[in-house]
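Right, one structure below, let's go through it.
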Amino acid sequence: MASLKPHFAIPNYEDATSFDGAMIIGEKYRITILSDILVRLEYSETGTFENRPTELIKFRRFSVPKFLRKEDSQYLVITTPYFKLEYRKNKPFYGSKVSPDQNLKISLINTDKFWYFGHPEARNFKGTSFSLDNADGNVSYTKGLYSTDGLVSIDDSENLIFNKDGSLGRRSDKRIDTYVFLYRKDFGFCLRDYFKLTGKPAFIPRYALGIWWNKHYPYTTLDLENLIWNFNKNEIPLSIILLSSYWRMIYENTNSGFTFNYSLFDNPKQMIDMLHSKKIRIGLNIDPTGGIHPDELSYQRFKKTAELTEEGILPFNIFSKKTLSAYFDELIKPLNNIGVDFYWIDYYNPKDLLTLRALNHYHLTDYQESKRNRGMILSRNGMLAAHRYPVLYSGYTKVSWNNLNMIPEYNLTSSNIGVSWWSHDIGGFLDGVEDPELYMRFVQFGTYSPILRLSAAESHYYKREPWLWDAKTFAIVKDYLRLRHRLIPYIYTEGYKYSKTGLPLIQPVYYKYPEIYDEPLYKNEYYFGSELFIAPITTKKDTLMNRTVHRIFLPNGIWYDFKTGKKFVGGKRYVSFFKDEDYPVFAKKGTIIPLAILDNEDINNTNPPEKLEIHIFPGKSNTYKLYEDDGISSLYEDGEYLITDIDYNYQTNNFTAIIRPTEGKGGVVPSKRTYKVRFRNTRKADEVILYVGEDKQTEVKSYVDGNDFVVEVENASSNKQVSINCKGTDIEIDAERIINEDIDTIISDLQIKTSLKEEIASIIFSDQEIKSKRITIRKLRIKGLNSKYIKMFIKLLEYIAEI
């Protein structure tokens with residue numbers, strides 16, 4: 001009898017069985033109270049119930065919660081602090097299809113909400129989808145976990161089960177197996193129990209947070225060297241190169257292949273070593289489902305190991321133990337041995353998610369064993385516990401504003417089902433028009449996305465290379481790509497928190513403000529980690545103003561524009577005007593953001609940096625816990641990591657920043673570090689006191705840079721505490737954003753007579769009523785002001801009236 005490799009075995013198999021004290025069992029039913037908010041409902045005419053893990057469910061061994069149980073021969077009532085379950089014993093869970101008077105009903109305590117089988121769950125805010133292949137702003141979402149009703153169910157009745165050896169199989173009979181979350185407004189509790197039930201989110205390798213390159217093109221080794229040379233010449237970081245199907249031999253009658261095309265890569269290992277020497281990782285596009293072609297170098301070995309007898313293209317069956325073992329031993333292992341970093345599983349069949357999920361699971365498991373590292377794959381969404389499988393690939397999308405407008409919402413709905421690590425085609429993949437404004441806005445959005453993958457189809461005229469655009473577009477895109485690389489310390493820390501606590505990297509604004517969900521102008525806004533808030537630009541600019549007119553809702557509190565430092569009072573809606581180079585990113589008061597300082601001689605390095613720039617915004621004390629480890633292995637689970645607390649103790653005109661290691665081991669970061677601490681919106685301090693460890697520094701390098709006060713600490717031991725105390729009088733700059741300043745810059749940039757600009761400004765900024773201003777502006781036609789500008793200024797006055 002065939003068996004799988006030992007590393008495919010399911011660890012802690014017994015954890016899929018709940019404790020006896022949590023289960024109430026009858027002749028045909030089993031009800032398991034997993035937590036205060038989570039109940040499992042099983043009904044089987046044969047009285048058999050499932051204790052094995054499934055594709056969706058890994059862990060049911062929750063600590064037994066306290067609950068009240070009352071029953072007689074006919075009725076069962078179970079009560080927890082969150083819900084009350086009432087059941088007519090041994091009756092089918094389903095009652096009438098048209099009446100909520102069911103045999104089983106669960107009421108949400110302290111609300112008028114209740115759940116029953118067949119409940120419409122109409123206020124569910126949706127989840128995610130299989131992919132966005134060929135999408136043009138349109139997508140069909142499935143159910144998520146977040147609902148303003150405070151309840152949701154997930155069905156596990158027909159999902160495949162895992163045997164102890166890791167093989168997959170079907171259940172022996174039909175039964176109901178449903179989980180119901182009843183969390184009221186405590187969605188965090190829902191995510192907590194969901195991740196406990198299904199497995200924690202993936203902790204992706206650090207290099208995956210850098211810049212990805214993906215073009216469907218028959219690259220040669222020389223082509224890749226030239227590509228990397230251009231990235232390096234233009235001082236743009238590059239972390240990953242994905243090779244599409246061209247990397248391998250192309251055979252007739254199959255889309256599968258695992259042998260390098262030696263006419264493109266005469267020495268594949270040497271090519272991969274070259275990439276690694278430049279700190280660039282490689283992912284290969286694969287799809288084994290087409291079968292194994294006779295011309296494959298490993299054909300005979302695969303055939304023998306899989307114990308197949310037929311000739312020609314050998315069928316691939318992921319559910320066959322023999323085929324599975326042969327696949328990884330004879331086809332994948334040789335690629336691993338020459339240094340391939342991960343695989344892009346490009347299987348597209350929305351009607352066969354079982355095969356996709358199996359491919360994802362076994363590839364991830366094999367990766368963890370063969371490379372002794374955290375798992376890493378790129379694949380479409382298998383739709384069950386997709387948060388366990390990094391990174392999700394959204395498919396081949398069109399070049400369009402519609403898609404740019406849709407993708408932020410797509411990421412947000414994915415958070416509703418616990419998924420963060422989506423990789424989209426930044427810039428779009430195919431069709432459409434290559435528009436510099438669209439390209440810039442795509443890259444800016446990608447900078448503040450979980451994954452940034454520049455991607456395009458084969459044509460030379462798809463321009464994802466920043467240096468192929470005009471000088472302005474190139475400069476803006478370069479700045480944002482470099483910023484993305486600099487943000488890795490922050491994003492990696494937030495990714496660690498997501499994996500450990502379940503706090504999504506992307507959080508919709510409607511979690512805190514549910515009413516925003518029904519406001520199209522603001523529903524795409526999101527928190528990016530714990531410190532930043534993004535209001536993405538997804539529409540074209542006004543060409544006359546040369547600005548994007550953008551409406552923004554900011555949550556309660558004090559916020560600062562991350563780039564300019566302008567201050568905004570939250571809990572309000574704003575109209576703002578953004579130049580091409582600007583993007584609506586906001587930091588709340590007290591925000592601390594650690595950024596890498598790029599070394600152009602080692603620009604692709606994603607490891608913990610030797611030089612850190614720390615941005616600190618005024619107004620509130622805060623602590624940011626910077627997390628670092630080796631970036632690829634699972635040694636962090638054994639304590640091989642470092643957490644550095646960055647404390648900001650705020651008082652007006654007297655504040656202190658303290659950088660100190662607090663947990664873990666120092667060996668995972670450089671022994672010496674240079675810190676550039678940038679106090680935002682702060683004038684030069686009268687006195688700066690600097691300590692490194694217990695040593696007071698006699699010389700302190702500090703200076704003013706724009707509206708920021710900067711203190712530099714060079715070559716400090718990363719194991720020692722660095723303390724910076726700043727004192728002075730009236731040193732905080734209260735740079736509040738004023739719409740008149742925005743409009744003044746618009747007037748300044750217009751190609752009209754300067755004398756007209758003076759008259760326009762005197763009207764716009766006067767104390768006249770808006771109606772009078774409109775009339776006066778229209779009269780400027782007799783002085784030569786073009787009607788298109790008159791219309792523009794009338795529109796601007798409407799925006800002012802909204803404030």
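Residues in the structure tokens are numbered from 1 in each chain, the chains being A, B, ... in the order shown, and ligands are numbered from 1 in the order shown.
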Considering only C-alpha atoms, tabulate each residue of segment 516-551 of chain A that lies at most 8 Å from segment 746-755 of chain A along with its nearest interatomic pair and the corresponding distance in Å to one decimal; arrange the rows by chain and ascending residue number and present them as JSON lines.
```
{"residue": "A:Leu544", "atom": "CA", "partner": "A:Leu750", "partner_atom": "CA", "distance": 7.8}
{"residue": "A:Met545", "atom": "CA", "partner": "A:Ile746", "partner_atom": "CA", "distance": 6.0}
{"residue": "A:Asn546", "atom": "CA", "partner": "A:Ile746", "partner_atom": "CA", "distance": 7.8}
{"residue": "A:Arg547", "atom": "CA", "partner": "A:Ile746", "partner_atom": "CA", "distance": 7.9}
```
Write to file, as a tab-separated table (two decimals), in the first residue's frame, the residues of the selection just made, with C-alpha atoms.
```tsv
chain	number	residue	atom	x	y	z
A	544	LEU	CA	-7.03	71.75	-15.95
A	545	MET	CA	-6.17	71.80	-12.25
A	546	ASN	CA	-3.52	69.14	-12.85
A	547	ARG	CA	-4.73	67.67	-9.56
```
Give me, as CSV, the closest atom pair and its distance (Å, one decimal) for every residue of segment 503-598 of chain A within a cut-off of 10 Å of segment 704-714 of chain A, counting only C-alpha atoms, rows sorted by chain and rising number.
```
residue,atom,partner,partner_atom,distance
A:Thr564,CA,A:Asn707,CA,8.5
A:Gly565,CA,A:Asn707,CA,7.8
A:Lys566,CA,A:Asn707,CA,10.0
```
Just want the 10 Å neighbourhood of Leu354 of chain A, counted on only C-alpha atoms, with same-chain residues fewer than 2 positions away dropped. Output as a PyMOL selection string. chain A and resi 55+159-160+168+318-319+349-352+356-360+382-384
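For the choices A:Asn134, A:Thr259, A:Asn373, A:Asn649, the atom-to-atom distance to Gly631 of chain A is smallest for A:Asn373 when using only C-alpha atoms.
All residues of segment 360-390 of chain A that DSSP, run on the backbone, classes as alpha helix (DSSP H) are Asn360, His361, Tyr362, His363, Leu364, Thr365, Asp366, Tyr367, Gln368, Glu369 and Ser370 of chain A.
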Please produce a file of the residues just selected, as a PDB file, in the first residue's frame, where the atoms kept are N, CA and C atoms.
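The result, stored in selection10.pdb:
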```pdb
ATOM      1  N   ASN A 360      -1.795  23.516  -3.364  1.00  0.00           N
ATOM      2  CA  ASN A 360      -1.310  24.532  -2.435  1.00  0.00           C
ATOM      3  C   ASN A 360      -0.831  23.909  -1.137  1.00  0.00           C
ATOM      4  N   HIS A 361      -1.628  23.006  -0.599  1.00  0.00           N
ATOM      5  CA  HIS A 361      -1.278  22.392   0.687  1.00  0.00           C
ATOM      6  C   HIS A 361       0.010  21.591   0.600  1.00  0.00           C
ATOM      7  N   TYR A 362       0.115  20.721  -0.383  1.00  0.00           N
ATOM      8  CA  TYR A 362       1.288  19.847  -0.453  1.00  0.00           C
ATOM      9  C   TYR A 362       2.545  20.627  -0.837  1.00  0.00           C
ATOM     10  N   HIS A 363       2.408  21.628  -1.705  1.00  0.00           N
ATOM     11  CA  HIS A 363       3.575  22.443  -2.047  1.00  0.00           C
ATOM     12  C   HIS A 363       4.071  23.208  -0.826  1.00  0.00           C
ATOM     13  N   LEU A 364       3.168  23.775  -0.068  1.00  0.00           N
ATOM     14  CA  LEU A 364       3.575  24.525   1.118  1.00  0.00           C
ATOM     15  C   LEU A 364       4.231  23.605   2.139  1.00  0.00           C
ATOM     16  N   THR A 365       3.638  22.454   2.353  1.00  0.00           N
ATOM     17  CA  THR A 365       4.191  21.498   3.320  1.00  0.00           C
ATOM     18  C   THR A 365       5.558  20.994   2.878  1.00  0.00           C
ATOM     19  N   ASP A 366       5.692  20.670   1.600  1.00  0.00           N
ATOM     20  CA  ASP A 366       6.975  20.182   1.098  1.00  0.00           C
ATOM     21  C   ASP A 366       8.041  21.268   1.174  1.00  0.00           C
ATOM     22  N   TYR A 367       7.667  22.503   0.877  1.00  0.00           N
ATOM     23  CA  TYR A 367       8.603  23.633   0.955  1.00  0.00           C
ATOM     24  C   TYR A 367       9.169  23.752   2.360  1.00  0.00           C
ATOM     25  N   GLN A 368       8.276  23.672   3.358  1.00  0.00           N
ATOM     26  CA  GLN A 368       8.721  23.821   4.744  1.00  0.00           C
ATOM     27  C   GLN A 368       9.695  22.713   5.132  1.00  0.00           C
ATOM     28  N   GLU A 369       9.480  21.522   4.599  1.00  0.00           N
ATOM     29  CA  GLU A 369      10.356  20.401   4.937  1.00  0.00           C
ATOM     30  C   GLU A 369      11.656  20.440   4.136  1.00  0.00           C
ATOM     31  N   SER A 370      11.547  20.648   2.823  1.00  0.00           N
ATOM     32  CA  SER A 370      12.733  20.534   1.967  1.00  0.00           C
ATOM     33  C   SER A 370      13.697  21.687   2.170  1.00  0.00           C
TER      34      SER A 370
END
```
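Every protein, DNA or RNA residue with an atom at most 8 Å from Asn163 of chain A, where only C-alpha atoms count and chain neighbours fewer than 3 positions away do not, is listed here: A:Ile10, A:Arg52, A:Pro53, A:Gly166, A:Ser167, A:Leu168, A:Gly169.
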